[in-house]
$ cat start-v3.pdb   # PDB, C-alpha atoms, pLDDT in the B column
ATOM      1  CA  MET A 753    -184.184 -73.085 -11.409  1.00 90.00           C
ATOM      2  CA  THR A 754    -186.123 -70.872 -13.750  1.00 96.00           C
ATOM      3  CA  GLN A 755    -185.427 -70.592 -17.464  1.00 96.00           C
ATOM      4  CA  GLU A 756    -184.105 -67.096 -16.791  1.00 97.00           C
ATOM      5  CA  ASP A 757    -181.664 -68.456 -14.186  1.00 95.00           C
ATOM      6  CA  LEU A 758    -180.478 -71.131 -16.605  1.00 94.00           C
ATOM      7  CA  ASP A 759    -180.034 -68.627 -19.424  1.00 95.00           C
ATOM      8  CA  ARG A 760    -178.004 -66.364 -17.121  1.00 95.00           C
ATOM      9  CA  LYS A 761    -175.743 -69.242 -15.989  1.00 93.00           C
ATOM     10  CA  ILE A 762    -175.118 -70.302 -19.574  1.00 91.00           C
ATOM     11  CA  ARG A 763    -174.382 -66.735 -20.624  1.00 91.00           C
ATOM     12  CA  ASP A 764    -172.071 -66.110 -17.653  1.00 92.00           C
ATOM     13  CA  HIS A 765    -170.249 -69.446 -17.463  1.00 89.00           C
ATOM     14  CA  LEU A 766    -170.234 -71.159 -20.866  1.00 89.00           C
ATOM     15  CA  THR A 767    -168.159 -70.085 -23.831  1.00 85.00           C
ATOM     16  CA  THR A 768    -168.056 -71.648 -27.257  1.00 86.00           C
ATOM     17  CA  THR A 769    -165.280 -70.946 -29.711  1.00 88.00           C
ATOM     18  CA  THR A 770    -163.528 -72.163 -32.803  1.00 87.00           C
ATOM     19  CA  ALA A 771    -160.284 -70.370 -31.854  1.00 91.00           C
ATOM     20  CA  LEU A 772    -158.093 -72.528 -29.620  1.00 91.00           C
ATOM     21  CA  GLU A 773    -156.312 -69.444 -28.253  1.00 92.00           C
ATOM     22  CA  ASP A 774    -159.590 -68.484 -26.533  1.00 92.00           C
ATOM     23  CA  LEU A 775    -159.128 -71.473 -24.197  1.00 92.00           C
ATOM     24  CA  LYS A 776    -156.086 -70.188 -22.293  1.00 93.00           C
ATOM     25  CA  ARG A 777    -158.100 -69.596 -19.113  1.00 89.00           C
ATOM     26  CA  ALA A 778    -160.706 -72.340 -19.481  1.00 92.00           C
ATOM     27  CA  ASP A 779    -161.358 -74.806 -16.653  1.00 93.00           C
ATOM     28  CA  LEU A 780    -163.025 -77.426 -18.861  1.00 93.00           C
ATOM     29  CA  VAL A 781    -162.577 -78.056 -22.588  1.00 93.00           C
ATOM     30  CA  ILE A 782    -164.968 -80.315 -24.485  1.00 91.00           C
ATOM     31  CA  GLU A 783    -163.713 -81.161 -27.953  1.00 90.00           C
ATOM     32  CA  ALA A 784    -166.451 -81.733 -30.518  1.00 90.00           C
ATOM     33  CA  VAL A 785    -164.964 -82.049 -34.000  1.00 90.00           C
ATOM     34  CA  LEU A 786    -165.401 -84.639 -36.750  1.00 91.00           C
ATOM     35  CA  GLU A 787    -164.822 -88.301 -35.872  1.00 93.00           C
ATOM     36  CA  ASP A 788    -161.450 -88.353 -37.600  1.00 93.00           C
ATOM     37  CA  MET A 789    -158.266 -89.060 -35.660  1.00 93.00           C
ATOM     38  CA  LYS A 790    -156.200 -87.018 -38.143  1.00 94.00           C
ATOM     39  CA  ILE A 791    -158.297 -83.992 -37.196  1.00 93.00           C
ATOM     40  CA  LYS A 792    -158.622 -84.665 -33.454  1.00 93.00           C
ATOM     41  CA  GLN A 793    -154.978 -85.411 -32.593  1.00 94.00           C
ATOM     42  CA  PRO A 794    -153.522 -82.079 -33.764  1.00 94.00           C
ATOM     43  CA  ILE A 795    -156.236 -80.268 -31.818  1.00 92.00           C
ATOM     44  CA  TRP A 796    -155.368 -82.183 -28.633  1.00 91.00           C
ATOM     45  CA  LYS A 797    -151.664 -81.447 -29.143  1.00 93.00           C
ATOM     46  CA  ASN A 798    -152.378 -77.735 -29.574  1.00 93.00           C
ATOM     47  CA  LEU A 799    -154.704 -77.677 -26.572  1.00 92.00           C
ATOM     48  CA  GLU A 800    -152.009 -79.114 -24.337  1.00 91.00           C
ATOM     49  CA  GLU A 801    -149.678 -76.281 -25.331  1.00 94.00           C
ATOM     50  CA  ILE A 802    -152.333 -73.567 -24.897  1.00 95.00           C
ATOM     51  CA  CYS A 803    -154.233 -74.623 -21.777  1.00 95.00           C
ATOM     52  CA  ARG A 804    -153.210 -74.596 -18.123  1.00 94.00           C
ATOM     53  CA  PRO A 805    -152.014 -77.910 -16.627  1.00 94.00           C
ATOM     54  CA  GLU A 806    -155.098 -78.253 -14.395  1.00 95.00           C
ATOM     55  CA  VAL A 807    -157.637 -78.021 -17.239  1.00 95.00           C
ATOM     56  CA  ILE A 808    -160.039 -80.937 -17.627  1.00 95.00           C
ATOM     57  CA  PHE A 809    -160.185 -82.188 -21.207  1.00 93.00           C
ATOM     58  CA  ALA A 810    -163.208 -84.069 -22.552  1.00 93.00           C
ATOM     59  CA  SER A 811    -164.341 -85.317 -25.933  1.00 92.00           C
ATOM     60  CA  ASN A 812    -167.693 -86.114 -27.443  1.00 90.00           C
ATOM     61  CA  THR A 813    -166.209 -88.967 -29.472  1.00 88.00           C
ATOM     62  CA  SER A 814    -168.301 -92.090 -29.710  1.00 85.00           C
ATOM     63  CA  ALA A 815    -166.227 -94.219 -32.058  1.00 88.00           C
ATOM     64  CA  LEU A 816    -162.560 -93.358 -31.535  1.00 90.00           C
ATOM     65  CA  PRO A 817    -160.337 -94.540 -28.664  1.00 91.00           C
ATOM     66  CA  ILE A 818    -159.743 -91.680 -26.253  1.00 87.00           C
ATOM     67  CA  THR A 819    -156.310 -93.062 -25.363  1.00 88.00           C
ATOM     68  CA  GLU A 820    -155.249 -92.821 -29.006  1.00 89.00           C
ATOM     69  CA  MET A 821    -156.400 -89.192 -29.118  1.00 85.00           C
ATOM     70  CA  ALA A 822    -154.466 -88.400 -25.957  1.00 82.00           C
ATOM     71  CA  SER A 823    -151.315 -90.171 -27.129  1.00 88.00           C
ATOM     72  CA  VAL A 824    -150.091 -87.024 -28.864  1.00 86.00           C
TER      73      VAL A 824
END

$ encode --input "start-v3.pdb" --output "structure tokens"
Amino acid sequence: MTQEDLDRKIRDHLTTTTALEDLKRADLVIEAVLEDMKIKQPIWKNLEEICRPEVIFASNTSALPITEMASV
């Protein structure tokens, strides 16, 4: 794959946003906010209401239990 091919794939298939409403049609959501459960849990709760049931949710957390995040 050339750099041009990679750039095109990123441009055509990857979206970043800070507005949760933009994720209504996403196939994969990777949460990457501060390592603070009080911040993460409300985001997860909102994502569940916004996104389709078949969406794959992921987190970049390294210190917090993922099951605790998902408990909301």

$ residues_around --input "start-v3.pdb" --residues "stretch 795-809 of chain A" --least-positions-apart "4" --cutoff "6 Å" --atoms "all atoms listed in the file" --output "list of chain:residue names"
A:Lys776, A:Asp779, A:Leu780, A:Val781, A:Val824

$ atom_distance --input "start-v3.pdb" --atom1 "atom CA of A:Thr754" --atom2 "atom CA of A:Ile782"
25.5 Å

$ atom_distance --input "start-v3.pdb" --atom1 "atom CA of A:Ala778" --atom2 "atom CA of A:Ala822"
18.4 Å

$ closest_residue --input "start-v3.pdb" --among "A:Val785, A:Glu756, A:Ile818, A:Ser811" --to "A:Thr770" --atoms "only C-alpha atoms"
A:Val785

$ atom_distance --input "start-v3.pdb" --atom1 "atom CA of A:Asn812" --atom2 "atom CA of A:Leu772"
16.8 Å

$ residues_around --input "start-v3.pdb" --residues "A:Glu787" --least-positions-apart "5" --cutoff "8 Å" --atoms "all atoms listed in the file" --output "PDB file with C-alpha atoms, keeping the file's coordinate frame"
ATOM      1  CA  LYS A 792    -158.622 -84.665 -33.454  1.00 93.00           C
ATOM      2  CA  THR A 813    -166.209 -88.967 -29.472  1.00 88.00           C
ATOM      3  CA  ALA A 815    -166.227 -94.219 -32.058  1.00 88.00           C
ATOM      4  CA  LEU A 816    -162.560 -93.358 -31.535  1.00 90.00           C
TER       5      LEU A 816
END

$ closest_residue --input "start-v3.pdb" --among "A:Leu758, A:Pro817, A:Ser823, A:Ala810" --to "A:Ala784" --atoms "all atoms listed in the file"
A:Ala810

$ closest_residue --input "start-v3.pdb" --among "A:Glu783, A:Thr819, A:Gln755, A:Gln793" --to "A:Thr768" --atoms "all atoms listed in the file"
A:Glu783
